[in-house]
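Read the structure below first, then the notes.
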Amino acid sequence: AQSVTQLDSQVPVFEEAPVELRCNYSSSVSVYLFWYVQYPNQGLQLLLKYLSGSTLVKGINGFEAEFNKSQTSFHLRKPSVHISDTAEYFCAVSGPRSNDYKLSFGAGTTVTVRA
Amino acid sequence: GAVVSQHPSWVICKSGTSVKIECRSLDFQATTMFWYRQFPKQSLMLMATSNEGSKATYEQGVEKDKFLINHASLTLSTLTVTSAHPEDSSFYICSASQGGEQYFGPGTRLTVT
(Lines give C-alpha, C1' and ligand atoms only; values in the text may rest on other atoms or scores of the structure.)
Protein backbone atom coordinates (compact mmCIF):
# COMPACT_ATOMS: atom_id res chain seq x y z
CA ALA A 1 0.00 0.00 0.00
CA GLN A 2 1.07 3.54 -0.66
CA SER A 3 0.93 6.55 1.62
CA VAL A 4 1.73 10.21 1.34
CA THR A 5 3.01 12.72 3.87
CA GLN A 6 2.78 16.42 3.22
CA LEU A 7 5.22 17.98 5.58
CA ASP A 8 3.67 21.44 5.77
CA SER A 9 0.06 21.98 6.71
CA GLN A 10 0.15 25.73 6.08
CA VAL A 11 2.49 27.83 4.00
CA PRO A 12 2.11 31.61 4.08
CA VAL A 13 4.02 33.38 1.34
CA PHE A 14 4.29 36.87 -0.07
CA GLU A 15 3.29 37.62 -3.62
CA GLU A 16 6.09 37.14 -6.16
CA ALA A 17 8.11 35.08 -3.68
CA PRO A 18 9.00 31.44 -4.40
CA VAL A 19 7.19 28.58 -2.72
CA GLU A 20 7.98 24.93 -2.12
CA LEU A 21 5.49 22.37 -0.88
CA ARG A 22 7.00 19.18 0.41
CA CYS A 23 5.68 15.71 -0.23
CA ASN A 24 7.12 12.36 0.74
CA TYR A 25 5.65 9.01 -0.16
CA SER A 26 6.11 5.43 0.90
CA SER A 27 5.55 2.49 -1.36
CA SER A 28 6.95 -0.94 -1.98
CA VAL A 29 6.36 -0.65 -5.70
CA SER A 30 6.96 1.96 -8.35
CA VAL A 31 4.33 4.64 -8.28
CA TYR A 32 2.66 7.44 -10.11
CA LEU A 33 2.73 10.81 -8.34
CA PHE A 34 0.39 13.75 -8.64
CA TRP A 35 -0.14 17.26 -7.36
CA TYR A 36 -3.63 18.69 -7.32
CA VAL A 37 -4.96 22.12 -6.42
CA GLN A 38 -8.34 22.75 -4.85
CA TYR A 39 -10.00 26.14 -4.66
CA PRO A 40 -12.75 26.70 -2.07
CA ASN A 41 -15.86 24.62 -2.66
CA GLN A 42 -14.50 23.15 -5.86
CA GLY A 43 -13.18 19.83 -7.05
CA LEU A 44 -9.55 19.02 -7.69
CA GLN A 45 -7.54 20.27 -10.63
CA LEU A 46 -4.43 18.43 -11.74
CA LEU A 47 -1.31 20.58 -11.58
CA LEU A 48 1.17 17.97 -12.77
CA LYS A 49 2.00 14.29 -12.65
CA TYR A 50 4.97 11.98 -12.73
CA LEU A 51 4.47 8.67 -14.48
CA SER A 52 7.95 7.89 -15.79
CA GLY A 53 10.85 9.48 -17.61
CA SER A 54 12.32 12.84 -16.67
CA THR A 55 12.27 13.42 -12.96
CA LEU A 56 11.59 17.14 -13.39
CA VAL A 57 7.97 17.62 -14.25
CA LYS A 58 6.48 20.89 -15.40
CA GLY A 59 2.81 21.58 -14.89
CA ILE A 60 0.25 24.28 -15.32
CA ASN A 61 0.35 27.77 -13.87
CA GLY A 62 4.15 27.79 -13.63
CA PHE A 63 4.42 24.92 -11.16
CA GLU A 64 7.02 22.19 -11.35
CA ALA A 65 7.97 19.20 -9.24
CA GLU A 66 10.93 16.90 -8.99
CA PHE A 67 10.68 13.19 -8.39
CA ASN A 68 13.49 11.93 -6.16
CA LYS A 69 13.36 8.18 -5.86
CA SER A 70 16.19 7.88 -3.35
CA GLN A 71 14.51 10.35 -1.02
CA THR A 72 11.00 9.18 -1.94
CA SER A 73 9.97 12.78 -2.43
CA PHE A 74 7.97 14.78 -4.93
CA HIS A 75 8.22 18.41 -3.88
CA LEU A 76 6.24 21.08 -5.68
CA ARG A 77 7.76 24.47 -6.49
CA LYS A 78 6.84 27.75 -8.07
CA PRO A 79 9.43 30.49 -8.49
CA SER A 80 7.00 33.41 -8.14
CA VAL A 81 3.50 33.09 -6.70
CA HIS A 82 0.42 35.18 -7.33
CA ILE A 83 -2.51 36.01 -5.10
CA SER A 84 -4.56 33.61 -7.22
CA ASP A 85 -2.35 30.71 -6.10
CA THR A 86 -4.03 30.85 -2.70
CA ALA A 87 -5.58 27.40 -2.42
CA GLU A 88 -5.27 23.93 -0.95
CA TYR A 89 -2.68 21.67 -2.52
CA PHE A 90 -2.74 17.89 -2.35
CA CYS A 91 -0.02 15.41 -3.17
CA ALA A 92 -1.24 11.99 -4.21
CA VAL A 93 0.21 8.63 -5.14
CA SER A 94 -1.12 5.62 -7.00
CA GLY A 95 0.39 2.32 -7.92
CA PRO A 96 0.82 1.80 -11.63
CA ARG A 97 -1.82 -0.37 -13.19
CA SER A 98 -2.88 -1.68 -9.82
CA ASN A 99 -5.95 -1.19 -7.72
CA ASP A 100 -7.65 0.54 -10.63
CA TYR A 101 -5.37 3.51 -10.14
CA LYS A 102 -6.63 4.26 -6.65
CA LEU A 103 -5.19 7.45 -5.26
CA SER A 104 -3.92 7.99 -1.75
CA PHE A 105 -3.88 11.65 -0.79
CA GLY A 106 -1.76 13.59 1.61
CA ALA A 107 -3.38 15.75 4.25
CA GLY A 108 -3.03 18.86 2.14
CA THR A 109 -1.10 22.11 2.36
CA THR A 110 -2.88 25.42 2.61
CA VAL A 111 -1.05 28.10 0.68
CA THR A 112 -1.94 31.68 1.50
CA VAL A 113 -0.41 34.34 -0.69
CA ARG A 114 -0.30 37.86 0.72
CA ALA A 115 0.38 41.10 -1.09
CA GLY B 1 -11.48 16.98 -22.77
CA ALA B 2 -11.95 14.62 -19.81
CA VAL B 3 -14.67 16.60 -18.08
CA VAL B 4 -16.56 15.19 -15.13
CA SER B 5 -19.75 16.73 -13.81
CA GLN B 6 -21.67 16.25 -10.60
CA HIS B 7 -25.26 16.98 -9.80
CA PRO B 8 -26.42 18.58 -7.67
CA SER B 9 -23.65 20.95 -6.65
CA TRP B 10 -25.25 21.37 -3.28
CA VAL B 11 -28.19 19.83 -1.49
CA ILE B 12 -29.91 20.24 1.84
CA CYS B 13 -32.03 17.41 3.14
CA LYS B 14 -33.79 16.50 6.33
CA SER B 15 -32.50 13.84 8.65
CA GLY B 16 -33.84 10.42 7.74
CA THR B 17 -34.31 11.10 4.05
CA SER B 18 -32.19 9.83 1.18
CA VAL B 19 -30.32 11.85 -1.38
CA LYS B 20 -28.81 10.83 -4.70
CA ILE B 21 -25.70 12.39 -6.21
CA GLU B 22 -24.84 11.87 -9.87
CA CYS B 23 -21.39 11.75 -11.40
CA ARG B 24 -21.04 11.88 -15.16
CA SER B 25 -18.07 11.68 -17.49
CA LEU B 26 -19.11 14.07 -20.25
CA ASP B 27 -16.68 13.34 -23.05
CA PHE B 28 -15.23 9.95 -22.32
CA GLN B 29 -16.26 6.54 -21.10
CA ALA B 30 -15.13 5.51 -17.67
CA THR B 31 -15.22 1.91 -16.59
CA THR B 32 -14.04 3.00 -13.16
CA MET B 33 -15.24 5.88 -11.05
CA PHE B 34 -14.33 6.77 -7.51
CA TRP B 35 -16.26 8.43 -4.70
CA TYR B 36 -14.52 10.53 -2.09
CA ARG B 37 -15.64 12.33 1.02
CA GLN B 38 -13.99 15.46 2.29
CA PHE B 39 -14.58 17.09 5.66
CA PRO B 40 -13.75 20.78 6.14
CA LYS B 41 -10.04 21.50 6.14
CA GLN B 42 -9.25 17.83 5.58
CA SER B 43 -8.05 15.63 2.79
CA LEU B 44 -10.08 13.42 0.49
CA MET B 45 -10.96 10.02 1.83
CA LEU B 46 -11.77 7.33 -0.70
CA MET B 47 -15.16 5.80 0.03
CA ALA B 48 -15.54 3.32 -2.79
CA THR B 49 -14.49 2.28 -6.26
CA SER B 50 -17.33 2.00 -8.73
CA ASN B 51 -16.98 -0.34 -11.69
CA GLU B 52 -19.43 -0.31 -14.54
CA GLY B 53 -21.69 -3.32 -14.49
CA SER B 54 -20.48 -4.72 -11.20
CA LYS B 55 -20.76 -4.10 -7.50
CA ALA B 56 -18.79 -1.28 -5.98
CA THR B 57 -15.79 -1.97 -3.81
CA TYR B 58 -16.01 -0.14 -0.51
CA GLU B 59 -13.13 0.99 1.62
CA GLN B 60 -12.83 -0.28 5.13
CA GLY B 61 -15.18 1.47 7.50
CA VAL B 62 -17.61 2.68 4.84
CA GLU B 63 -21.13 1.33 5.26
CA LYS B 64 -22.18 -0.07 1.92
CA ASP B 65 -25.84 -0.20 2.94
CA LYS B 66 -25.77 3.46 3.79
CA PHE B 67 -23.84 4.69 0.79
CA LEU B 68 -25.34 2.94 -2.21
CA ILE B 69 -23.34 3.15 -5.40
CA ASN B 70 -24.64 2.29 -8.84
CA HIS B 71 -22.54 2.43 -12.01
CA ALA B 72 -25.14 1.55 -14.60
CA SER B 73 -23.36 2.95 -17.64
CA LEU B 74 -19.91 3.93 -18.79
CA THR B 75 -20.68 7.59 -18.20
CA LEU B 76 -22.76 7.62 -15.04
CA SER B 77 -22.25 6.60 -11.44
CA THR B 78 -24.59 7.51 -8.62
CA LEU B 79 -24.09 7.71 -4.88
CA THR B 80 -27.20 7.51 -2.72
CA VAL B 81 -26.89 8.47 0.91
CA THR B 82 -29.70 6.58 2.62
CA SER B 83 -31.35 7.67 5.83
CA ALA B 84 -29.06 10.64 6.04
CA HIS B 85 -28.01 12.05 9.39
CA PRO B 86 -26.27 15.32 10.27
CA GLU B 87 -22.94 13.50 10.56
CA ASP B 88 -23.24 12.62 6.86
CA SER B 89 -22.95 16.30 6.03
CA SER B 90 -19.82 16.64 3.95
CA PHE B 91 -18.36 17.47 0.56
CA TYR B 92 -18.63 14.50 -1.78
CA ILE B 93 -16.36 14.36 -4.81
CA CYS B 94 -16.32 11.83 -7.60
CA SER B 95 -13.66 11.08 -10.15
CA ALA B 96 -13.53 9.07 -13.34
CA SER B 97 -10.52 7.14 -14.50
CA GLN B 98 -9.08 7.29 -17.98
CA GLY B 99 -5.61 6.33 -19.13
CA GLY B 100 -4.29 5.91 -15.63
CA GLU B 101 -5.40 9.33 -14.51
CA GLN B 102 -8.39 10.43 -12.47
CA TYR B 103 -10.49 13.39 -13.50
CA PHE B 104 -12.45 15.00 -10.70
CA GLY B 105 -15.92 16.39 -10.57
CA PRO B 106 -16.63 19.76 -8.94
CA GLY B 107 -18.06 18.18 -5.82
CA THR B 108 -21.43 18.12 -4.06
CA ARG B 109 -21.98 19.83 -0.76
CA LEU B 110 -24.46 17.83 1.34
CA THR B 111 -26.01 19.36 4.42
CA VAL B 112 -28.31 17.25 6.53
CA THR B 113 -30.52 19.16 8.94
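Quick note on naming: the chains in the C-alpha coordinates go A, B, ... in the order shown, residues restart at 1 in each chain, and ligands are numbered from 1 in order of appearance.
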Selection: 7 Å around region 18-29 of chain B, only C-alpha atoms, excl. self and same-chain fewer than 3 positions, as an MDAnalysis selection string | chainID B and resid 1:8 74:84 94 96
Considering only C-alpha atoms, extract the chain A residues located within 12 Å of chain B and return them as a PyMOL selection string.
-> chain A and resi 4-6+9-10+31-51+87-110
When distances are computed from only C-alpha atoms, which of B:Ala30, B:Phe39, B:Lys64, B:Glu52 shows the smallest separation from Thr111 (chain B)?
-> B:Phe39
Can you list, as a VMD selection string, every protein, DNA or RNA residue that comes within 12 Å of Arg114 (chain A) when you count only C-alpha atoms, leaving out same-chain residues fewer than 2 positions away?
-> chain A and resid 11 to 17 81 to 86 111 to 112
May I have all residues of chain A that DSSP, computed from the backbone, assigns to helix (DSSP H, G or I), given as a PyMOL selection string?
-> chain A and resi 60-62+83-85+99-101
CA of Glu64 (chain A) to CA of Lys78 (chain A), distance in Å rounded to a single decimal |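 Distance reported for this atom pair: 6.5 Å.
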